[in-house]
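start.cif follows; it contains mmCIF, N, CA and C atoms.
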data_input
loop_
_atom_site.label_atom_id
_atom_site.label_comp_id
_atom_site.auth_asym_id
_atom_site.auth_seq_id
_atom_site.Cartn_x
_atom_site.Cartn_y
_atom_site.Cartn_z
N PRO A 11 -1.58 16.91 5.43
CA PRO A 11 -1.82 16.29 6.74
C PRO A 11 -0.97 15.03 6.97
N GLY A 12 -0.68 14.29 5.91
CA GLY A 12 0.11 13.07 6.05
C GLY A 12 1.52 13.32 6.51
N VAL A 13 2.01 14.54 6.34
CA VAL A 13 3.36 14.88 6.78
C VAL A 13 3.36 15.35 8.23
N PHE A 14 2.29 16.04 8.63
CA PHE A 14 2.24 16.64 9.96
C PHE A 14 1.59 15.74 11.02
N TYR A 15 0.58 14.98 10.63
CA TYR A 15 -0.11 14.12 11.60
C TYR A 15 0.74 12.90 11.93
N PRO A 16 0.54 12.34 13.12
CA PRO A 16 1.27 11.11 13.48
C PRO A 16 0.99 9.99 12.49
N VAL A 17 2.04 9.23 12.17
CA VAL A 17 1.95 8.16 11.20
C VAL A 17 1.90 6.80 11.88
N LEU A 18 2.74 6.62 12.88
CA LEU A 18 2.86 5.30 13.52
C LEU A 18 3.17 5.47 15.00
N THR A 19 2.53 4.64 15.80
CA THR A 19 2.83 4.58 17.22
C THR A 19 3.36 3.18 17.51
N ILE A 20 4.51 3.14 18.17
CA ILE A 20 5.08 1.86 18.59
C ILE A 20 5.22 1.90 20.10
N SER A 21 4.68 0.89 20.75
CA SER A 21 4.76 0.82 22.21
C SER A 21 5.31 -0.54 22.61
N GLY A 22 6.05 -0.52 23.70
CA GLY A 22 6.66 -1.75 24.18
C GLY A 22 6.28 -2.04 25.62
N SER A 23 6.24 -3.32 25.95
CA SER A 23 5.96 -3.73 27.32
C SER A 23 6.73 -5.02 27.59
N ILE A 24 6.81 -5.36 28.85
CA ILE A 24 7.50 -6.58 29.24
C ILE A 24 6.66 -7.28 30.31
N LYS A 25 6.69 -8.59 30.28
CA LYS A 25 5.94 -9.36 31.27
C LYS A 25 6.92 -9.82 32.35
N LEU A 26 6.69 -9.32 33.55
CA LEU A 26 7.54 -9.69 34.68
C LEU A 26 6.86 -10.78 35.50
N PRO A 27 7.62 -11.72 36.03
CA PRO A 27 7.02 -12.87 36.73
C PRO A 27 6.09 -12.49 37.89
N PHE A 28 6.49 -11.51 38.70
CA PHE A 28 5.68 -11.20 39.88
C PHE A 28 4.87 -9.92 39.73
N ALA A 29 5.27 -9.06 38.85
CA ALA A 29 4.61 -7.76 38.70
C ALA A 29 3.59 -7.73 37.56
N GLY A 30 3.59 -8.74 36.71
CA GLY A 30 2.69 -8.74 35.56
C GLY A 30 3.27 -7.94 34.42
N ARG A 31 2.41 -7.45 33.55
CA ARG A 31 2.86 -6.69 32.37
C ARG A 31 3.18 -5.25 32.77
N MET A 32 4.35 -4.79 32.33
CA MET A 32 4.78 -3.43 32.65
C MET A 32 5.09 -2.71 31.34
N ASP A 33 4.50 -1.51 31.17
CA ASP A 33 4.75 -0.73 29.97
C ASP A 33 6.13 -0.11 30.02
N LEU A 34 6.86 -0.23 28.91
CA LEU A 34 8.19 0.35 28.82
C LEU A 34 8.16 1.73 28.16
N GLY A 35 7.12 2.02 27.44
CA GLY A 35 6.99 3.32 26.79
C GLY A 35 6.43 3.19 25.40
N SER A 36 6.17 4.33 24.81
CA SER A 36 5.67 4.34 23.43
C SER A 36 6.18 5.59 22.72
N GLU A 37 6.27 5.49 21.43
CA GLU A 37 6.71 6.58 20.55
C GLU A 37 5.68 6.78 19.46
N THR A 38 5.28 8.02 19.27
CA THR A 38 4.40 8.38 18.16
C THR A 38 5.10 9.47 17.38
N ARG A 39 5.20 9.28 16.08
CA ARG A 39 5.90 10.27 15.26
C ARG A 39 5.17 10.52 13.94
N SER A 40 5.30 11.75 13.49
CA SER A 40 4.86 12.11 12.14
C SER A 40 6.08 12.00 11.24
N ILE A 41 5.89 12.20 9.96
CA ILE A 41 7.03 12.15 9.04
C ILE A 41 7.97 13.31 9.33
N LEU A 42 7.41 14.51 9.48
CA LEU A 42 8.27 15.65 9.81
C LEU A 42 8.91 15.49 11.18
N GLY A 43 8.18 14.91 12.12
CA GLY A 43 8.74 14.65 13.44
C GLY A 43 9.91 13.68 13.38
N THR A 44 9.80 12.70 12.51
CA THR A 44 10.88 11.74 12.32
C THR A 44 12.10 12.42 11.70
N VAL A 45 11.86 13.26 10.70
CA VAL A 45 12.96 14.00 10.07
C VAL A 45 13.65 14.88 11.11
N LYS A 46 12.86 15.57 11.91
CA LYS A 46 13.42 16.45 12.96
C LYS A 46 14.22 15.65 13.98
N TYR A 47 13.66 14.53 14.42
CA TYR A 47 14.34 13.69 15.40
C TYR A 47 15.67 13.16 14.85
N LEU A 48 15.65 12.69 13.61
CA LEU A 48 16.88 12.18 12.99
C LEU A 48 17.92 13.29 12.87
N TRP A 49 17.48 14.50 12.54
CA TRP A 49 18.40 15.63 12.44
C TRP A 49 19.01 15.96 13.80
N GLU A 50 18.15 15.99 14.83
CA GLU A 50 18.63 16.32 16.18
C GLU A 50 19.58 15.26 16.73
N THR A 51 19.42 14.02 16.30
CA THR A 51 20.33 12.95 16.75
C THR A 51 21.52 12.78 15.81
N LYS A 52 21.74 13.80 14.99
CA LYS A 52 22.90 13.87 14.09
C LYS A 52 22.92 12.81 12.99
N ASN A 53 21.77 12.31 12.62
CA ASN A 53 21.63 11.43 11.46
C ASN A 53 21.26 12.30 10.26
N TYR A 54 22.18 13.18 9.91
CA TYR A 54 21.90 14.20 8.90
C TYR A 54 21.58 13.60 7.52
N LEU A 55 22.32 12.59 7.12
CA LEU A 55 22.11 12.02 5.79
C LEU A 55 20.72 11.39 5.68
N VAL A 56 20.37 10.55 6.64
CA VAL A 56 19.06 9.89 6.61
C VAL A 56 17.94 10.92 6.70
N SER A 57 18.10 11.88 7.60
CA SER A 57 17.10 12.94 7.76
C SER A 57 16.92 13.71 6.46
N SER A 58 18.01 14.08 5.83
CA SER A 58 17.95 14.84 4.59
C SER A 58 17.32 14.03 3.46
N LEU A 59 17.67 12.76 3.37
CA LEU A 59 17.12 11.91 2.31
C LEU A 59 15.62 11.72 2.47
N ILE A 60 15.16 11.48 3.70
CA ILE A 60 13.72 11.33 3.93
C ILE A 60 13.01 12.64 3.61
N PHE A 61 13.60 13.76 4.04
CA PHE A 61 12.99 15.06 3.76
C PHE A 61 12.92 15.32 2.26
N LEU A 62 13.99 15.05 1.56
CA LEU A 62 14.04 15.31 0.12
C LEU A 62 13.08 14.42 -0.66
N PHE A 63 13.18 13.10 -0.43
CA PHE A 63 12.45 12.16 -1.28
C PHE A 63 11.04 11.84 -0.80
N SER A 64 10.73 12.12 0.46
CA SER A 64 9.37 11.83 0.94
C SER A 64 8.53 13.08 1.17
N ILE A 65 9.19 14.26 1.13
CA ILE A 65 8.44 15.50 1.34
C ILE A 65 8.61 16.45 0.16
N CYS A 66 9.86 16.81 -0.16
CA CYS A 66 10.11 17.82 -1.21
C CYS A 66 9.70 17.34 -2.60
N VAL A 67 10.20 16.18 -3.00
CA VAL A 67 9.90 15.70 -4.36
C VAL A 67 8.39 15.49 -4.55
N PRO A 68 7.68 14.85 -3.62
CA PRO A 68 6.23 14.72 -3.82
C PRO A 68 5.51 16.07 -3.87
N PHE A 69 5.98 17.04 -3.07
CA PHE A 69 5.36 18.37 -3.09
C PHE A 69 5.56 19.04 -4.45
N VAL A 70 6.79 19.02 -4.95
CA VAL A 70 7.10 19.62 -6.25
C VAL A 70 6.30 18.91 -7.35
N LYS A 71 6.23 17.58 -7.25
CA LYS A 71 5.47 16.81 -8.24
C LYS A 71 4.00 17.22 -8.25
N GLY A 72 3.41 17.39 -7.08
CA GLY A 72 2.01 17.80 -7.00
C GLY A 72 1.76 19.18 -7.56
N VAL A 73 2.65 20.12 -7.24
CA VAL A 73 2.51 21.48 -7.76
C VAL A 73 2.65 21.48 -9.28
N LEU A 74 3.62 20.75 -9.79
CA LEU A 74 3.81 20.71 -11.24
C LEU A 74 2.63 20.04 -11.95
N LEU A 75 2.07 19.00 -11.33
CA LEU A 75 0.89 18.36 -11.94
C LEU A 75 -0.27 19.35 -12.05
N LEU A 76 -0.41 20.19 -11.04
CA LEU A 76 -1.47 21.21 -11.11
C LEU A 76 -1.20 22.22 -12.21
N THR A 77 0.08 22.57 -12.41
CA THR A 77 0.39 23.57 -13.44
C THR A 77 0.16 23.02 -14.86
N VAL A 78 0.24 21.70 -15.01
CA VAL A 78 -0.03 21.11 -16.33
C VAL A 78 -1.48 21.37 -16.75
N LEU A 79 -2.35 21.54 -15.78
CA LEU A 79 -3.76 21.76 -16.09
C LEU A 79 -4.06 23.17 -16.57
N PHE A 80 -3.09 24.10 -16.39
CA PHE A 80 -3.31 25.47 -16.87
C PHE A 80 -3.26 25.49 -18.40
N PRO A 81 -3.97 26.42 -19.00
CA PRO A 81 -4.04 26.45 -20.48
C PRO A 81 -2.79 27.09 -21.11
N TRP A 82 -1.64 26.50 -20.89
CA TRP A 82 -0.41 26.95 -21.52
C TRP A 82 -0.25 26.21 -22.83
N SER A 83 0.82 26.54 -23.52
CA SER A 83 1.07 25.87 -24.80
C SER A 83 1.31 24.38 -24.56
N LEU A 84 1.01 23.60 -25.58
CA LEU A 84 1.20 22.15 -25.47
C LEU A 84 2.65 21.80 -25.21
N LYS A 85 3.57 22.57 -25.79
CA LYS A 85 5.00 22.29 -25.61
C LYS A 85 5.40 22.42 -24.13
N ILE A 86 4.94 23.49 -23.49
CA ILE A 86 5.27 23.70 -22.07
C ILE A 86 4.65 22.60 -21.22
N ARG A 87 3.39 22.28 -21.48
CA ARG A 87 2.74 21.21 -20.70
C ARG A 87 3.45 19.88 -20.89
N LYS A 88 3.90 19.59 -22.10
CA LYS A 88 4.60 18.34 -22.37
C LYS A 88 5.94 18.29 -21.62
N ILE A 89 6.66 19.40 -21.59
CA ILE A 89 7.94 19.46 -20.86
C ILE A 89 7.71 19.24 -19.36
N ILE A 90 6.70 19.92 -18.83
CA ILE A 90 6.40 19.78 -17.40
C ILE A 90 6.00 18.34 -17.08
N LEU A 91 5.17 17.76 -17.92
CA LEU A 91 4.71 16.39 -17.69
C LEU A 91 5.87 15.39 -17.75
N GLU A 92 6.76 15.58 -18.70
CA GLU A 92 7.94 14.70 -18.78
C GLU A 92 8.81 14.84 -17.53
N PHE A 93 8.97 16.07 -17.07
CA PHE A 93 9.75 16.30 -15.85
C PHE A 93 9.09 15.64 -14.64
N VAL A 94 7.77 15.75 -14.55
CA VAL A 94 7.04 15.12 -13.45
C VAL A 94 7.23 13.61 -13.47
N LYS A 95 7.18 13.03 -14.66
CA LYS A 95 7.40 11.58 -14.76
C LYS A 95 8.80 11.19 -14.32
N ARG A 96 9.77 12.03 -14.65
CA ARG A 96 11.16 11.73 -14.26
C ARG A 96 11.37 11.86 -12.76
N ILE A 97 10.86 12.94 -12.15
CA ILE A 97 11.08 13.09 -10.71
C ILE A 97 10.19 12.16 -9.91
N GLY A 98 9.10 11.71 -10.51
CA GLY A 98 8.22 10.77 -9.83
C GLY A 98 8.93 9.48 -9.47
N LYS A 99 9.92 9.13 -10.27
CA LYS A 99 10.71 7.92 -9.99
C LYS A 99 11.59 8.11 -8.76
N TRP A 100 11.88 9.36 -8.43
CA TRP A 100 12.73 9.64 -7.27
C TRP A 100 11.91 9.89 -6.00
N SER A 101 10.62 9.95 -6.14
CA SER A 101 9.77 10.14 -4.98
C SER A 101 9.73 8.86 -4.16
N MET A 102 10.03 8.98 -2.89
CA MET A 102 10.05 7.81 -2.02
C MET A 102 8.79 7.73 -1.16
N ALA A 103 7.78 8.52 -1.51
CA ALA A 103 6.56 8.54 -0.71
C ALA A 103 5.92 7.16 -0.63
N ASP A 104 5.81 6.49 -1.77
CA ASP A 104 5.19 5.16 -1.77
C ASP A 104 6.05 4.16 -1.01
N VAL A 105 7.37 4.28 -1.11
CA VAL A 105 8.26 3.39 -0.36
C VAL A 105 8.13 3.64 1.13
N PHE A 106 7.96 4.91 1.50
CA PHE A 106 7.78 5.26 2.91
C PHE A 106 6.51 4.63 3.47
N VAL A 107 5.44 4.68 2.70
CA VAL A 107 4.17 4.08 3.14
C VAL A 107 4.34 2.58 3.33
N VAL A 108 5.00 1.93 2.39
CA VAL A 108 5.23 0.48 2.52
C VAL A 108 6.09 0.18 3.75
N ALA A 109 7.11 0.99 3.99
CA ALA A 109 7.98 0.77 5.16
C ALA A 109 7.20 0.92 6.46
N VAL A 110 6.35 1.94 6.54
CA VAL A 110 5.53 2.12 7.75
C VAL A 110 4.57 0.95 7.92
N PHE A 111 3.97 0.52 6.84
CA PHE A 111 3.03 -0.60 6.91
C PHE A 111 3.74 -1.88 7.34
N LEU A 112 4.93 -2.12 6.81
CA LEU A 112 5.70 -3.30 7.22
C LEU A 112 6.10 -3.22 8.69
N ALA A 113 6.49 -2.03 9.14
CA ALA A 113 6.81 -1.86 10.56
C ALA A 113 5.59 -2.15 11.42
N TYR A 114 4.44 -1.68 10.97
CA TYR A 114 3.20 -1.96 11.69
C TYR A 114 2.92 -3.46 11.74
N LEU A 115 3.02 -4.12 10.61
CA LEU A 115 2.73 -5.55 10.57
C LEU A 115 3.71 -6.35 11.41
N SER A 116 4.98 -5.97 11.38
CA SER A 116 5.97 -6.74 12.15
C SER A 116 5.80 -6.54 13.65
N THR A 117 5.38 -5.36 14.07
CA THR A 117 5.20 -5.14 15.50
C THR A 117 3.83 -5.60 15.99
N ALA A 118 2.85 -5.63 15.10
CA ALA A 118 1.51 -6.05 15.52
C ALA A 118 1.47 -7.52 15.89
N SER A 119 2.41 -8.31 15.40
CA SER A 119 2.39 -9.74 15.68
C SER A 119 3.21 -10.12 16.91
N MET A 120 3.86 -9.16 17.54
CA MET A 120 4.67 -9.45 18.72
C MET A 120 3.89 -9.12 19.98
N ASP A 121 4.13 -9.90 21.03
CA ASP A 121 3.44 -9.66 22.29
C ASP A 121 3.99 -8.46 23.04
N ASP A 122 5.30 -8.25 22.98
CA ASP A 122 5.94 -7.21 23.77
C ASP A 122 6.10 -5.89 23.03
N LEU A 123 5.86 -5.89 21.74
CA LEU A 123 6.01 -4.69 20.93
C LEU A 123 4.78 -4.55 20.05
N LYS A 124 4.11 -3.43 20.15
CA LYS A 124 2.88 -3.21 19.39
C LYS A 124 3.02 -1.99 18.49
N GLY A 125 2.46 -2.11 17.31
CA GLY A 125 2.44 -0.99 16.38
C GLY A 125 1.01 -0.62 16.05
N LYS A 126 0.79 0.69 15.90
CA LYS A 126 -0.55 1.16 15.57
C LYS A 126 -0.41 2.27 14.54
N THR A 127 -1.06 2.10 13.39
CA THR A 127 -1.04 3.16 12.39
C THR A 127 -1.95 4.29 12.84
N GLU A 128 -1.51 5.49 12.56
CA GLU A 128 -2.27 6.69 12.96
C GLU A 128 -2.84 7.35 11.70
N LYS A 129 -3.62 8.41 11.90
CA LYS A 129 -4.32 9.01 10.76
C LYS A 129 -3.37 9.62 9.73
N GLY A 130 -2.19 10.03 10.11
CA GLY A 130 -1.23 10.56 9.15
C GLY A 130 -0.85 9.53 8.11
N PHE A 131 -0.79 8.26 8.52
CA PHE A 131 -0.48 7.18 7.58
C PHE A 131 -1.53 7.11 6.48
N TYR A 132 -2.79 7.23 6.86
CA TYR A 132 -3.87 7.12 5.88
C TYR A 132 -3.91 8.33 4.94
N PHE A 133 -3.59 9.52 5.47
CA PHE A 133 -3.49 10.69 4.61
C PHE A 133 -2.33 10.52 3.62
N PHE A 134 -1.21 10.02 4.11
CA PHE A 134 -0.05 9.84 3.25
C PHE A 134 -0.31 8.75 2.21
N LEU A 135 -0.98 7.69 2.61
CA LEU A 135 -1.37 6.63 1.67
C LEU A 135 -2.30 7.19 0.61
N ALA A 136 -3.26 8.00 1.03
CA ALA A 136 -4.19 8.62 0.07
C ALA A 136 -3.43 9.50 -0.91
N TYR A 137 -2.43 10.24 -0.41
CA TYR A 137 -1.62 11.06 -1.31
C TYR A 137 -0.93 10.18 -2.36
N CYS A 138 -0.34 9.08 -1.92
CA CYS A 138 0.38 8.20 -2.85
C CYS A 138 -0.55 7.67 -3.94
N LEU A 139 -1.71 7.20 -3.54
CA LEU A 139 -2.66 6.68 -4.51
C LEU A 139 -3.17 7.77 -5.44
N LEU A 140 -3.47 8.93 -4.89
CA LEU A 140 -3.95 10.06 -5.69
C LEU A 140 -2.86 10.56 -6.63
N SER A 141 -1.64 10.59 -6.16
CA SER A 141 -0.52 11.05 -6.97
C SER A 141 -0.29 10.15 -8.18
N VAL A 142 -0.25 8.86 -7.94
CA VAL A 142 -0.03 7.92 -9.05
C VAL A 142 -1.19 7.97 -10.04
N SER A 143 -2.41 7.93 -9.52
CA SER A 143 -3.56 7.92 -10.43
C SER A 143 -3.72 9.24 -11.18
N SER A 144 -3.47 10.36 -10.51
CA SER A 144 -3.61 11.65 -11.19
C SER A 144 -2.51 11.84 -12.23
N THR A 145 -1.30 11.36 -11.94
CA THR A 145 -0.23 11.45 -12.94
C THR A 145 -0.61 10.67 -14.19
N GLU A 146 -1.11 9.47 -14.00
CA GLU A 146 -1.51 8.66 -15.15
C GLU A 146 -2.69 9.28 -15.90
N PHE A 147 -3.66 9.80 -15.16
CA PHE A 147 -4.83 10.41 -15.78
C PHE A 147 -4.45 11.66 -16.58
N ILE A 148 -3.65 12.51 -15.97
CA ILE A 148 -3.23 13.74 -16.65
C ILE A 148 -2.37 13.40 -17.86
N ALA A 149 -1.48 12.43 -17.71
CA ALA A 149 -0.65 12.02 -18.85
C ALA A 149 -1.52 11.50 -19.98
N PHE A 150 -2.55 10.73 -19.65
CA PHE A 150 -3.46 10.19 -20.66
C PHE A 150 -4.21 11.30 -21.38
N THR A 151 -4.77 12.25 -20.61
CA THR A 151 -5.53 13.33 -21.24
C THR A 151 -4.63 14.26 -22.04
N GLN A 152 -3.43 14.50 -21.54
CA GLN A 152 -2.51 15.37 -22.27
C GLN A 152 -2.00 14.68 -23.54
N LYS A 153 -1.82 13.38 -23.49
CA LYS A 153 -1.39 12.64 -24.67
C LYS A 153 -2.42 12.80 -25.79
N LYS A 154 -3.70 12.75 -25.42
CA LYS A 154 -4.75 12.98 -26.42
C LYS A 154 -4.62 14.38 -27.01
N ALA A 155 -4.36 15.37 -26.14
CA ALA A 155 -4.20 16.73 -26.63
C ALA A 155 -2.98 16.87 -27.52
N PHE A 156 -1.88 16.19 -27.13
CA PHE A 156 -0.66 16.24 -27.94
C PHE A 156 -0.90 15.56 -29.30
N ASP A 157 -1.60 14.42 -29.29
CA ASP A 157 -1.87 13.72 -30.53
C ASP A 157 -2.79 14.52 -31.46
N ASN A 158 -3.78 15.21 -30.88
CA ASN A 158 -4.70 16.01 -31.68
C ASN A 158 -4.03 17.24 -32.27
N ALA A 159 -2.95 17.73 -31.62
CA ALA A 159 -2.27 18.91 -32.10
C ALA A 159 -1.35 18.61 -33.28
N LYS A 160 -1.04 17.33 -33.48
CA LYS A 160 -0.12 16.96 -34.57
C LYS A 160 -0.78 17.02 -35.91
#

I'd like the structure from this file rewritten - as structure tokens, please.
Amino acid sequence: PGVFYPVLTISGSIKLPFAGRMDLGSETRSILGTVKYLWETKNYLVSSLIFLFSICVPFVKGVLLLTVLFPWSLKIRKIILEFVKRIGKWSMADVFVVAVFLAYLSTASMDDLKGKTEKGFYFFLAYCLLSVSSTEFIAFTQKKAFDNAK
């Protein structure tokens, strides 16, 4: 849901002397919507990097973490876990959450530009926290299994 639901809404307005406050517009985007928009506006590199590091790598990491829980040999689980730890460093999901939060904070303090976090942000934040904690938990439990097998 954190990829598909809207993450951030930014709206702008201007105060005119005789007309009062006038809305200039607002934008609401999901992570996939942002990737699509960047692709359509020919920002291929940025679009591809966000897609790879904020969507693909976290998805692969989650699937691999689940496979570590299957009753395979300790050697296979150890290889998968090491790989997950390595690609976890390339996951930009947590950086993306921080960037959205900073954008929200910077726009929330301005009179003419407002930012509002949407439910996709909270789903994505929950994924980041769950991903980090589950990786550490699984690594801890598997380490015990690896140590007991020696």

Neighbours of A:Gly12 within 5 Å (all atoms listed in the file; same-chain residues fewer than 6 positions away dropped), as a PDB file with N, CA and C atoms, in the coordinates of the input?
ATOM      1  N   GLY A 130      -2.190  10.030  10.110  1.00  0.00           N
ATOM      2  CA  GLY A 130      -1.230  10.560   9.150  1.00  0.00           C
ATOM      3  C   GLY A 130      -0.850   9.530   8.110  1.00  0.00           C
ATOM      4  N   PHE A 133      -3.590   9.520   5.470  1.00  0.00           N
ATOM      5  CA  PHE A 133      -3.490  10.690   4.610  1.00  0.00           C
ATOM      6  C   PHE A 133      -2.330  10.520   3.620  1.00  0.00           C
ATOM      7  N   PHE A 134      -1.210  10.020   4.110  1.00  0.00           N
ATOM      8  CA  PHE A 134      -0.050   9.840   3.250  1.00  0.00           C
ATOM      9  C   PHE A 134      -0.310   8.750   2.210  1.00  0.00           C
TER      10      PHE A 134
END

When you draw a straight line from atom CA of A:Leu79 to atom CA of A:Tyr132, how long is it in Å? 26.4 Å

Could you tell me which residues the PyMOL selection byres ((chain A and resi 88-100) around 8) returns for this structure, as a ChimeraX atom specification? /A:62-64,67-68,70-72,74-75,77-78,82-87,101-103,145,148-149,152,156

Rounded to one decimal, what separation in Å do you get between atom CA of A:Val45 and atom C of A:Pro11? 14.3 Å

So what does the PyMOL selection byres (((chain A and resi 42 and name CA) around 10) and name CA) actually pick up in this one, as a list in words?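 This file, filtered by the PyMOL selection byres (((chain A and resi 42 and name CA) around 10) and name CA), leaves Gly12, Val13, Phe14, Tyr15, Pro16, Val17, Arg39, Ser40, Ile41, Gly43, Thr44, Val45, Lys46, Tyr47, Leu48, Ser57, Ile60, Phe61, Ser64 and Ile65 of chain A.
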
Atoms kept (N, CA and C atoms) for selection, written as a PDB file, in the frame of the given file:
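What landed in selection_5.pdb:
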ATOM      1  N   GLY A  12      -0.680  14.290   5.910  1.00  0.00           N
ATOM      2  CA  GLY A  12       0.110  13.070   6.050  1.00  0.00           C
ATOM      3  C   GLY A  12       1.520  13.320   6.510  1.00  0.00           C
ATOM      4  N   VAL A  13       2.010  14.540   6.340  1.00  0.00           N
ATOM      5  CA  VAL A  13       3.360  14.880   6.780  1.00  0.00           C
ATOM      6  C   VAL A  13       3.360  15.350   8.230  1.00  0.00           C
ATOM      7  N   PHE A  14       2.290  16.040   8.630  1.00  0.00           N
ATOM      8  CA  PHE A  14       2.240  16.640   9.960  1.00  0.00           C
ATOM      9  C   PHE A  14       1.590  15.740  11.020  1.00  0.00           C
ATOM     10  N   TYR A  15       0.580  14.980  10.630  1.00  0.00           N
ATOM     11  CA  TYR A  15      -0.110  14.120  11.600  1.00  0.00           C
ATOM     12  C   TYR A  15       0.740  12.900  11.930  1.00  0.00           C
ATOM     13  N   PRO A  16       0.540  12.340  13.120  1.00  0.00           N
ATOM     14  CA  PRO A  16       1.270  11.110  13.480  1.00  0.00           C
ATOM     15  C   PRO A  16       0.990   9.990  12.490  1.00  0.00           C
ATOM     16  N   VAL A  17       2.040   9.230  12.170  1.00  0.00           N
ATOM     17  CA  VAL A  17       1.950   8.160  11.200  1.00  0.00           C
ATOM     18  C   VAL A  17       1.900   6.800  11.880  1.00  0.00           C
ATOM     19  N   ARG A  39       5.200   9.280  16.080  1.00  0.00           N
ATOM     20  CA  ARG A  39       5.900  10.270  15.260  1.00  0.00           C
ATOM     21  C   ARG A  39       5.170  10.520  13.940  1.00  0.00           C
ATOM     22  N   SER A  40       5.300  11.750  13.490  1.00  0.00           N
ATOM     23  CA  SER A  40       4.860  12.110  12.140  1.00  0.00           C
ATOM     24  C   SER A  40       6.080  12.000  11.240  1.00  0.00           C
ATOM     25  N   ILE A  41       5.890  12.200   9.960  1.00  0.00           N
ATOM     26  CA  ILE A  41       7.030  12.150   9.040  1.00  0.00           C
ATOM     27  C   ILE A  41       7.970  13.310   9.330  1.00  0.00           C
ATOM     28  N   GLY A  43       8.180  14.910  12.120  1.00  0.00           N
ATOM     29  CA  GLY A  43       8.740  14.650  13.440  1.00  0.00           C
ATOM     30  C   GLY A  43       9.910  13.680  13.380  1.00  0.00           C
ATOM     31  N   THR A  44       9.800  12.700  12.510  1.00  0.00           N
ATOM     32  CA  THR A  44      10.880  11.740  12.320  1.00  0.00           C
ATOM     33  C   THR A  44      12.100  12.420  11.700  1.00  0.00           C
ATOM     34  N   VAL A  45      11.860  13.260  10.700  1.00  0.00           N
ATOM     35  CA  VAL A  45      12.960  14.000  10.070  1.00  0.00           C
ATOM     36  C   VAL A  45      13.650  14.880  11.110  1.00  0.00           C
ATOM     37  N   LYS A  46      12.860  15.570  11.910  1.00  0.00           N
ATOM     38  CA  LYS A  46      13.420  16.450  12.960  1.00  0.00           C
ATOM     39  C   LYS A  46      14.220  15.650  13.980  1.00  0.00           C
ATOM     40  N   TYR A  47      13.660  14.530  14.420  1.00  0.00           N
ATOM     41  CA  TYR A  47      14.340  13.690  15.400  1.00  0.00           C
ATOM     42  C   TYR A  47      15.670  13.160  14.850  1.00  0.00           C
ATOM     43  N   LEU A  48      15.650  12.690  13.610  1.00  0.00           N
ATOM     44  CA  LEU A  48      16.880  12.180  12.990  1.00  0.00           C
ATOM     45  C   LEU A  48      17.920  13.290  12.870  1.00  0.00           C
ATOM     46  N   SER A  57      18.100  11.880   7.600  1.00  0.00           N
ATOM     47  CA  SER A  57      17.100  12.940   7.760  1.00  0.00           C
ATOM     48  C   SER A  57      16.920  13.710   6.460  1.00  0.00           C
ATOM     49  N   ILE A  60      15.160  11.480   3.700  1.00  0.00           N
ATOM     50  CA  ILE A  60      13.720  11.330   3.930  1.00  0.00           C
ATOM     51  C   ILE A  60      13.010  12.640   3.610  1.00  0.00           C
ATOM     52  N   PHE A  61      13.600  13.760   4.040  1.00  0.00           N
ATOM     53  CA  PHE A  61      12.990  15.060   3.760  1.00  0.00           C
ATOM     54  C   PHE A  61      12.920  15.320   2.260  1.00  0.00           C
ATOM     55  N   SER A  64      10.730  12.120   0.460  1.00  0.00           N
ATOM     56  CA  SER A  64       9.370  11.830   0.940  1.00  0.00           C
ATOM     57  C   SER A  64       8.530  13.080   1.170  1.00  0.00           C
ATOM     58  N   ILE A  65       9.190  14.260   1.130  1.00  0.00           N
ATOM     59  CA  ILE A  65       8.440  15.500   1.340  1.00  0.00           C
ATOM     60  C   ILE A  65       8.610  16.450   0.160  1.00  0.00           C
TER      61      ILE A  65
END

Take atom C of A:Leu59 and atom N of A:Ser23 and report the distance between them in Å, one decimal.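 Interatomic distance here is 29.4 Å.
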
Proximity to A:Lys25 - best of A:Glu50, A:Glu37, A:Asp157, A:Asp122, all atoms listed in the file: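 Once distances to A:Lys25 are computed over all atoms listed in the file, the minimum belongs to A:Asp122.
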